[in-house]
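Presented below is the structure to which this report refers.
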Amino acid sequence: MPATALRCRVCETQYPLDPIGVCARCFGPLDPVYDRDEQRRTVSRESIEAGPLSIWRYADLLPVAAPVEQRLAPGFTPLVQAPRLAEALGLGELWLKLDTANPTHSFKDRVVAVAAAKAVELGRTTLSCSSTGNLANAVAARAAAEGLEAAVLVPSSLEPEKLIATSIYGARIIAVEGSYDDCSRLSVELSFELDWAFVNVGLRSYYAEGSKTLAFEIAEQLGWSLPDAVIAPIGSGSMFTKVHQGFGELLTLGLVDGPSPRLIGGQGEGCSPVALGFANDAKVKPVRANTLAKSIAIGSPADGDLAVATARESGGSIYAVPEDQIVDNIALLAETTGVFGETAPAVTVGALRAAVERGELGESDRVVLLVTGDGLKTPGLVADRYDPIRVQPDVDQILETLGVQV
Ligand SMILES: Cc1ncc(COP(=O)(O)O)c(C=O)c1O
Ligand SMILES: [Zn+2]
């Protein structure tokens, strides 16, 4: 395993590979440090291609060793072309990264698998998190697969289907009468009192690295080449920034050539602190979340400033997507691609539409849109689209209803 230490992103103090979420000196976030020389010696396209069809084929680029027994491994999800949506939007080449194909139908299985590997290494017996829904699903399922306990903090106002999908794995659900940001604060406080392995507190440095596998897979699935742009949703901003860093690492290691893709992000307008920070060229200020896109409703995003910097550095941008577009975008994606995404990908489709309208993307670009979560977990939002033709079991009546003369 080529990770050698954790380093503070702000003051650069180094720490051993322990479960410490933030720098003891300045409270800055910690990132793993890798031995790039060792990676250059040991990692090649061929060595990766010989690995398992999951995130663990990139274990040499992650801060944990691959589990000896790989249970319910996430990753290596399909990358498929979406020519009808491309045509509808005026794009030349559009691909969808279908992270709905992960074990609990969202990209969170990636980050949890990495954090859980560290938790198991540390001998922890309870996996935990604060969550906007998908992370709770992923933590609960991972704990079930590994034989650990699970306890998750979620806002009680989450879509009921998401909470049911979490309970079925046997997780303890703490439904907080408050926002995700309340859950996040509570999980930090509880992490001082309990020996639970909070994947997005004490293990956050490991957890976040799991999102890099999205970038690794996209490059490999495009025949070891890079797209021109990647469109992603932004909650805490972690995934958005790590996808960019993932492309950067492939370039550093000589596994791909090229300009690094532009990162274009989306937030629901009712919770768009990062889009605001980008638009105003200012520090990200916390907001009170009020968006249909509950899975990315984070008013105080931990990696907000880094997400703004990532958009700028990569030549991309961040859009606030109007709330009244979200349900329409779920339908647009479904009707033109056959993919039923949840609200986060609907916001992502909105960011893509905005980027095309502004002339930021067009016919000559090869674009990848991340479908990070599944619409089947939030069917209530689109329930009014169900408007069937009601008939008796009678063929003549059906033909008559359809206006067919016989
Ligand atoms: C489906 C989905 N997409 C995107 C995100 C945003 O991820 P991040 O918090 O890393 O920005 C989340 C969770 O927050 C999510 O559940
Ligand atoms: Zn520091």
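Letters for chains follow the order of the structure tokens (A, B, ...), residue numbers begin at 1 for each chain, and ligand numbers begin at 1 in the order shown.
Excluding Gly265 (chain A) and any residue on its chain fewer than 6 positions from it, the residues at most 9 Å away by only C-alpha atoms are Val230, Ile231, Ala232, Pro233, Ile234, Phe240, Ala275, Ala307, Ala311, Gly316, Ser317, Ile318, Tyr319, Ala320, Val347, Thr348, Ala351 and Leu352 of chain A.
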Exercise for the section: If you run DSSP over the backbone, which residues in region 150-269 of chain A end up strand (DSSP E)? Put them as a ChimeraX atom specification. Expected result: /A:150-155,172-176,197-198,229-233,262-268
Exercise for the section: Would you list the contacts of region 95-111 of chain A as a count of residues only, taking every protein, DNA or RNA residue within 8 Å and counting only C-alpha atoms, but skipping same-chain residues closer than 6 positions in sequence? Expected result: 36
Exercise for the section: Pick out the residues no farther than 7 Å from ligand 2, counting only C-alpha atoms and all ligand atoms, and list them as a count of residues only. Expected result: 12
Exercise for the section: Determine which residues of region 56-201 of chain A receive a DSSP assignment of helix (DSSP H, G or I), computed from the backbone, and state them as a PyMOL selection string. Expected result: chain A and resi 56-61+83-89+99-101+108-121+134-146+160-167+180-191
Fill in the blank from the handout: re CA of Ala145 (chain A) and CA of Leu186 (chain A): distance 26.2 Å
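Using only C-alpha atoms and all ligand atoms, the shortest contact distance between ligand 1 and any of A:Glu149, A:Glu249, A:Asp18, A:Asp305 is found at A:Asp305.
Minimum atom-to-atom distance to Lys118 (chain A), evaluated using only C-alpha atoms, belongs to A:Leu62 out of A:Leu62, A:Leu250, A:Ala346, A:Glu335.
Here the question is which of A:Leu333, A:Leu61, A:Cys183, A:Val243 gets nearest to Ser260 (chain A) using only C-alpha atoms, and that residue is A:Val243.
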Problem - Atom pair CA of Ala117 (chain A) / CA of Val64 (chain A): separation (Å) - result: 6.7 Å
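Proximity ranking of A:Ala116, A:Cys271, A:Ser238, A:Ser44 relative to Pro67 (chain A) places A:Ala116 first, based on only C-alpha atoms.
Once Val308 (chain A) and its same-chain neighbours fewer than 2 positions away are set aside, A:Gly237, A:Thr241, A:Val274, A:Ala275, A:Gly277, A:Phe278, A:Asp281, A:Lys283, A:Val284, A:Asp303, A:Gly304, A:Asp305, A:Leu306, A:Thr310, A:Ala311, A:Arg312, A:Glu313, A:Ser317, A:Ile318 remain within 9 Å of it when counting only C-alpha atoms.
For the pair CA of Ser236 (chain A) and CA of Lys162 (chain A), the interatomic distance is 19.2 Å.
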Exercise for the section: For Ala219 (chain A), list every protein, DNA or RNA residue within 10 Å, evaluated using only C-alpha atoms, and leave out those in the same chain fewer than 3 positions away; present the list as a VMD selection string. Expected result: chain A and resid 213 to 216 222 to 227 246 to 247 250 255 to 256
Keeping only C-alpha atoms, write those residues as a PDB file, in the first residue's frame.
```pdb
ATOM      1  CA  THR A 213     -12.214   5.674  -8.366  1.00  0.00           C
ATOM      2  CA  LEU A 214     -14.916   7.424 -10.442  1.00  0.00           C
ATOM      3  CA  ALA A 215     -12.165   9.274 -12.313  1.00  0.00           C
ATOM      4  CA  PHE A 216      -9.995   6.160 -12.614  1.00  0.00           C
ATOM      5  CA  LEU A 222     -12.665   5.495 -22.333  1.00  0.00           C
ATOM      6  CA  GLY A 223      -9.647   3.421 -23.380  1.00  0.00           C
ATOM      7  CA  TRP A 224      -7.215   5.262 -21.096  1.00  0.00           C
ATOM      8  CA  SER A 225      -8.166   8.691 -22.341  1.00  0.00           C
ATOM      9  CA  LEU A 226      -9.804  11.678 -20.666  1.00  0.00           C
ATOM     10  CA  PRO A 227     -13.133  13.338 -21.469  1.00  0.00           C
ATOM     11  CA  GLY A 246      -8.176  11.421  -9.454  1.00  0.00           C
ATOM     12  CA  PHE A 247      -7.652  12.635 -13.028  1.00  0.00           C
ATOM     13  CA  LEU A 250      -3.534   9.469 -13.514  1.00  0.00           C
ATOM     14  CA  LEU A 255      -1.361   6.482 -17.139  1.00  0.00           C
ATOM     15  CA  VAL A 256      -3.177   8.995 -19.382  1.00  0.00           C
TER      16      VAL A 256
END
```
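Close contacts of Thr401 (chain A), defined as residues with an atom at most 10 Å away when counting only C-alpha atoms, with chain neighbours fewer than 4 positions off set aside, comprise Ile389, Arg390, Val391, Val395, Asp396 and Gln397 of chain A.
Nearest to ligand 1 of all the residues A:Thr378, A:Thr252, A:Gln221, A:Thr4 is A:Thr378, counting only C-alpha atoms and all ligand atoms.
Closest to Pro259 (chain A) among A:Ala334, A:Leu91, A:Ala229, A:Leu53 is A:Ala229, based on only C-alpha atoms.
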